[in-house]
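J.: File query-v9.txt below, compact mmCIF, C-alpha atoms:
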# COMPACT_ATOMS: atom_id res chain seq x y z
CA MET A 274 220.63 114.85 148.94
CA ALA A 275 222.41 115.83 145.72
CA ASP A 276 221.37 119.11 144.07
CA LYS A 277 219.52 117.48 141.15
CA LYS A 278 217.62 115.19 143.50
CA LYS A 279 214.92 117.54 144.74
CA ASN A 280 212.04 115.07 144.56
CA ILE A 281 211.29 111.65 145.99
CA ILE A 282 209.57 109.28 143.58
CA LEU A 283 207.87 106.21 145.07
CA ILE A 284 207.55 103.05 142.97
CA GLY A 285 206.23 99.59 143.82
CA MET A 286 203.35 97.20 143.43
CA PRO A 287 199.74 98.33 143.73
CA GLY A 288 198.67 98.12 147.37
CA VAL A 289 202.17 98.57 148.81
CA GLY A 290 201.20 101.98 150.21
CA LYS A 291 202.88 104.47 147.86
CA SER A 292 200.13 107.08 148.23
CA THR A 293 199.72 106.62 151.98
CA VAL A 294 203.46 106.72 152.64
CA GLY A 295 203.79 109.59 150.16
CA VAL A 296 201.32 111.87 151.97
CA VAL A 297 202.96 111.29 155.37
CA LEU A 298 206.48 111.58 153.90
CA ALA A 299 205.59 114.88 152.20
CA LYS A 300 204.38 116.28 155.54
CA ARG A 301 207.52 114.95 157.27
CA CYS A 302 209.91 116.69 154.88
CA GLY A 303 207.86 119.78 154.02
CA TYR A 304 207.37 118.74 150.39
CA ARG A 305 204.22 118.79 148.29
CA PHE A 306 202.55 115.46 147.46
CA MET A 307 201.60 114.34 143.96
CA ASP A 308 199.91 111.12 142.89
CA SER A 309 200.61 110.38 139.22
CA ASP A 310 197.48 108.22 138.90
CA LEU A 311 195.35 111.18 140.01
CA ILE A 312 197.16 113.47 137.55
CA ILE A 313 196.34 111.01 134.73
CA GLN A 314 192.69 110.80 135.83
CA ASP A 315 192.41 114.58 136.11
CA LEU A 316 193.95 115.22 132.67
CA HIS A 317 191.68 112.66 131.00
CA GLN A 318 188.58 113.13 133.19
CA LYS A 319 188.27 109.35 133.54
CA LEU A 320 189.13 106.71 136.13
CA LEU A 321 192.14 104.50 135.42
CA HIS A 322 190.05 101.39 134.75
CA GLU A 323 187.95 103.41 132.28
CA LEU A 324 191.09 104.54 130.44
CA ILE A 325 192.34 100.94 130.29
CA ALA A 326 188.95 99.76 128.95
CA GLU A 327 188.89 102.54 126.36
CA HIS A 328 192.53 102.52 125.17
CA GLY A 329 193.63 98.96 125.98
CA ILE A 330 196.68 98.13 128.05
CA ASP A 331 199.23 99.42 125.54
CA GLY A 332 197.29 102.64 125.00
CA PHE A 333 197.03 103.22 128.74
CA LEU A 334 200.76 102.58 129.21
CA GLU A 335 201.50 105.19 126.51
CA ILE A 336 199.28 107.71 128.31
CA GLU A 337 200.91 106.93 131.65
CA ASN A 338 204.43 107.18 130.21
CA ARG A 339 203.66 110.51 128.50
CA VAL A 340 202.03 112.07 131.58
CA ASN A 341 204.74 110.85 133.97
CA ALA A 342 207.51 112.06 131.65
CA SER A 343 205.91 115.53 131.61
CA ILE A 344 205.71 116.06 135.38
CA GLU A 345 207.80 119.09 136.30
CA THR A 346 208.15 119.86 139.98
CA GLU A 347 210.64 120.40 142.77
CA ASN A 348 210.48 119.50 146.45
CA ALA A 349 207.72 116.95 145.93
CA VAL A 350 206.97 113.38 146.84
CA ILE A 351 205.48 111.64 143.80
CA ALA A 352 203.56 108.39 144.23
CA THR A 353 203.47 106.57 140.89
CA GLY A 354 201.13 103.93 139.58
CA GLY A 355 202.46 100.37 139.87
CA SER A 356 202.89 100.18 136.10
CA ALA A 357 204.98 103.38 135.83
CA VAL A 358 208.14 101.25 135.50
CA TYR A 359 207.01 100.14 132.02
CA GLY A 360 207.49 103.72 130.78
CA LYS A 361 211.13 104.15 129.80
CA ASP A 362 210.76 107.88 129.10
CA ALA A 363 209.04 108.43 132.43
CA MET A 364 211.58 106.45 134.44
CA LYS A 365 214.48 108.31 132.78
CA HIS A 366 212.75 111.59 133.61
CA PHE A 367 212.13 110.53 137.22
CA ALA A 368 215.79 109.50 137.62
CA GLU A 369 216.84 112.96 136.47
CA MET A 370 214.44 114.82 138.74
CA GLY A 371 214.78 112.92 141.99
CA THR A 372 215.54 109.87 144.06
CA ILE A 373 213.52 106.80 143.11
CA VAL A 374 212.45 104.72 146.12
CA TYR A 375 211.10 101.19 145.72
CA LEU A 376 208.66 100.32 148.48
CA LYS A 377 209.05 96.56 148.67
CA LEU A 378 206.57 94.06 150.07
CA PRO A 379 206.51 90.28 149.60
CA TYR A 380 203.83 88.85 147.32
CA GLU A 381 201.64 87.57 150.17
CA GLY A 382 201.40 91.07 151.64
CA ILE A 383 200.40 92.53 148.27
CA ARG A 384 197.80 89.80 147.71
CA ARG A 385 196.22 90.44 151.12
CA ARG A 386 196.02 94.21 150.59
CA LEU A 387 194.52 94.25 147.10
CA GLY A 388 190.80 93.96 146.53
CA ASP A 389 189.15 94.04 143.13
CA LEU A 390 192.03 94.53 140.70
CA THR A 391 189.87 95.79 137.83
CA LYS A 392 188.36 98.63 139.90
CA ARG A 393 191.86 99.66 141.04
CA GLY A 394 193.05 100.01 137.45
CA VAL A 395 195.66 97.27 137.82
CA ILE A 396 196.93 96.14 134.44
CA LEU A 397 196.72 92.39 133.94
CA GLN A 398 197.21 90.76 130.56
CA LYS A 399 194.64 88.11 129.62
CA GLY A 400 195.36 84.99 131.67
CA GLN A 401 197.96 86.75 133.83
CA THR A 402 197.71 86.30 137.60
CA LEU A 403 198.69 88.77 140.28
CA TYR A 404 201.66 86.52 141.08
CA ASP A 405 202.75 86.61 137.41
CA LEU A 406 202.52 90.40 137.49
CA TYR A 407 204.53 90.53 140.72
CA LYS A 408 207.31 88.36 139.24
CA GLU A 409 207.36 90.51 136.08
CA ARG A 410 207.53 93.86 137.88
CA VAL A 411 209.90 93.24 140.80
CA PRO A 412 213.02 93.17 138.55
CA LEU A 413 211.90 96.49 137.01
CA TYR A 414 211.39 98.10 140.42
CA GLU A 415 214.84 96.89 141.48
CA LYS A 416 216.41 98.12 138.23
CA TYR A 417 215.12 101.68 138.56
CA ALA A 418 215.38 102.12 142.35
CA ASP A 419 218.05 104.32 143.90
CA VAL A 420 216.82 103.18 147.32
CA VAL A 421 214.87 100.08 148.41
CA VAL A 422 212.79 100.10 151.60
CA SER A 423 211.18 96.92 152.91
CA CYS A 424 207.65 97.59 154.19
CA LYS A 425 207.03 94.12 155.64
CA GLY A 426 205.67 94.35 159.17
CA LYS A 427 206.42 98.06 159.50
CA PRO A 428 203.99 100.83 160.44
CA ILE A 429 203.69 103.83 158.11
CA ARG A 430 205.72 106.11 160.41
CA LYS A 431 208.65 103.70 160.42
CA ILE A 432 208.56 103.35 156.61
CA VAL A 433 208.51 107.16 156.27
CA GLU A 434 211.54 107.52 158.57
CA LEU A 435 213.44 104.80 156.68
CA VAL A 436 212.72 106.45 153.32
CA TRP A 437 213.78 109.86 154.62
CA GLU A 438 217.01 108.50 156.15
CA ARG A 439 217.98 106.51 153.07
CA VAL A 440 217.15 109.29 150.59
CA ASN A 441 219.32 111.70 152.57
CA ASN A 442 222.16 109.20 152.75
CA SER A 443 222.01 108.07 149.10
For the structure just supplied, provide its representation as structure tokens.
T.:
Amino acid sequence: MADKKKNIILIGMPGVGKSTVGVVLAKRCGYRFMDSDLIIQDLHQKLLHELIAEHGIDGFLEIENRVNASIETENAVIATGGSAVYGKDAMKHFAEMGTIVYLKLPYEGIRRRLGDLTKRGVILQKGQTLYDLYKERVPLYEKYADVVVSCKGKPIRKIVELVWERVNNS
């Protein structure tokens, strides 16, 4: 891994397993684990869906971008919220501080894994479906990713090993 790349930042759709993979990956490589959604909730003392209800989608995205762009750490695995890729400042910051890994899963897998989207704090515009959101975000994940790891049909341990191998060979 290059000197400037001391962190691993996980991006991808809600439900892909960023937090789960992140915890196991952090243990695997001796890094600390951070979940940017939990950092946002802790700073604002509110759940994500409460922040979205209070500030609206654009207001929430500004909060998320600002918080993500302010994360300063080394030797960490950072699981981001699915909407982190909308924050240009945050994504530029993440690119400077580590290797960005897109955990990729086909739409059907995402749909099966997600329950109530509103309680998860998933941002959907009025009239937008999960499939619309998926089609909108995938190009952004691909744009920002240094590494892409397919999660389809793979157990967590295998995904963790693939991420670790690819990050160290990128």
J.: One decimal, Å: what's the distance from atom CA of A:Ile373 over to atom CA of A:Val433, could you say?
T.: 14.1 Å
J.: How many Å lie between atom CA of A:Ile432 and atom CA of A:Ile396, rounded to one decimal?
T.: 26.1 Å
J.: If I take atom CA of A:Lys377 and atom CA of A:Ala342, how far is one from the other in Å, to one decimal?
T.: 23.1 Å
J.: Could you tell me, as a PDB file with C-alpha atoms, keeping the file's coordinate frame, which residues have any atom at most 10 Å from (214.5, 100.4, 146.7), counting all atoms listed in the file?
T.:
ATOM      1  CA  LEU A 283     207.870 106.210 145.070  1.00  0.00           C
ATOM      2  CA  ILE A 284     207.550 103.050 142.970  1.00  0.00           C
ATOM      3  CA  GLY A 285     206.230  99.590 143.820  1.00  0.00           C
ATOM      4  CA  THR A 372     215.540 109.870 144.060  1.00  0.00           C
ATOM      5  CA  ILE A 373     213.520 106.800 143.110  1.00  0.00           C
ATOM      6  CA  VAL A 374     212.450 104.720 146.120  1.00  0.00           C
ATOM      7  CA  TYR A 375     211.100 101.190 145.720  1.00  0.00           C
ATOM      8  CA  LEU A 376     208.660 100.320 148.480  1.00  0.00           C
ATOM      9  CA  LYS A 377     209.050  96.560 148.670  1.00  0.00           C
ATOM     10  CA  TYR A 414     211.390  98.100 140.420  1.00  0.00           C
ATOM     11  CA  GLU A 415     214.840  96.890 141.480  1.00  0.00           C
ATOM     12  CA  LYS A 416     216.410  98.120 138.230  1.00  0.00           C
ATOM     13  CA  TYR A 417     215.120 101.680 138.560  1.00  0.00           C
ATOM     14  CA  ALA A 418     215.380 102.120 142.350  1.00  0.00           C
ATOM     15  CA  ASP A 419     218.050 104.320 143.900  1.00  0.00           C
ATOM     16  CA  VAL A 420     216.820 103.180 147.320  1.00  0.00           C
ATOM     17  CA  VAL A 421     214.870 100.080 148.410  1.00  0.00           C
ATOM     18  CA  VAL A 422     212.790 100.100 151.600  1.00  0.00           C
ATOM     19  CA  SER A 423     211.180  96.920 152.910  1.00  0.00           C
ATOM     20  CA  VAL A 436     212.720 106.450 153.320  1.00  0.00           C
ATOM     21  CA  ARG A 439     217.980 106.510 153.070  1.00  0.00           C
TER      22      ARG A 439
END
J.: Which is closest to A:Gly288 among A:Asn341, A:Asn442, A:Thr353, A:Gln401, if we use only C-alpha atoms?
T.: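 So, comparing all the options, the nearest one is A:Thr353.
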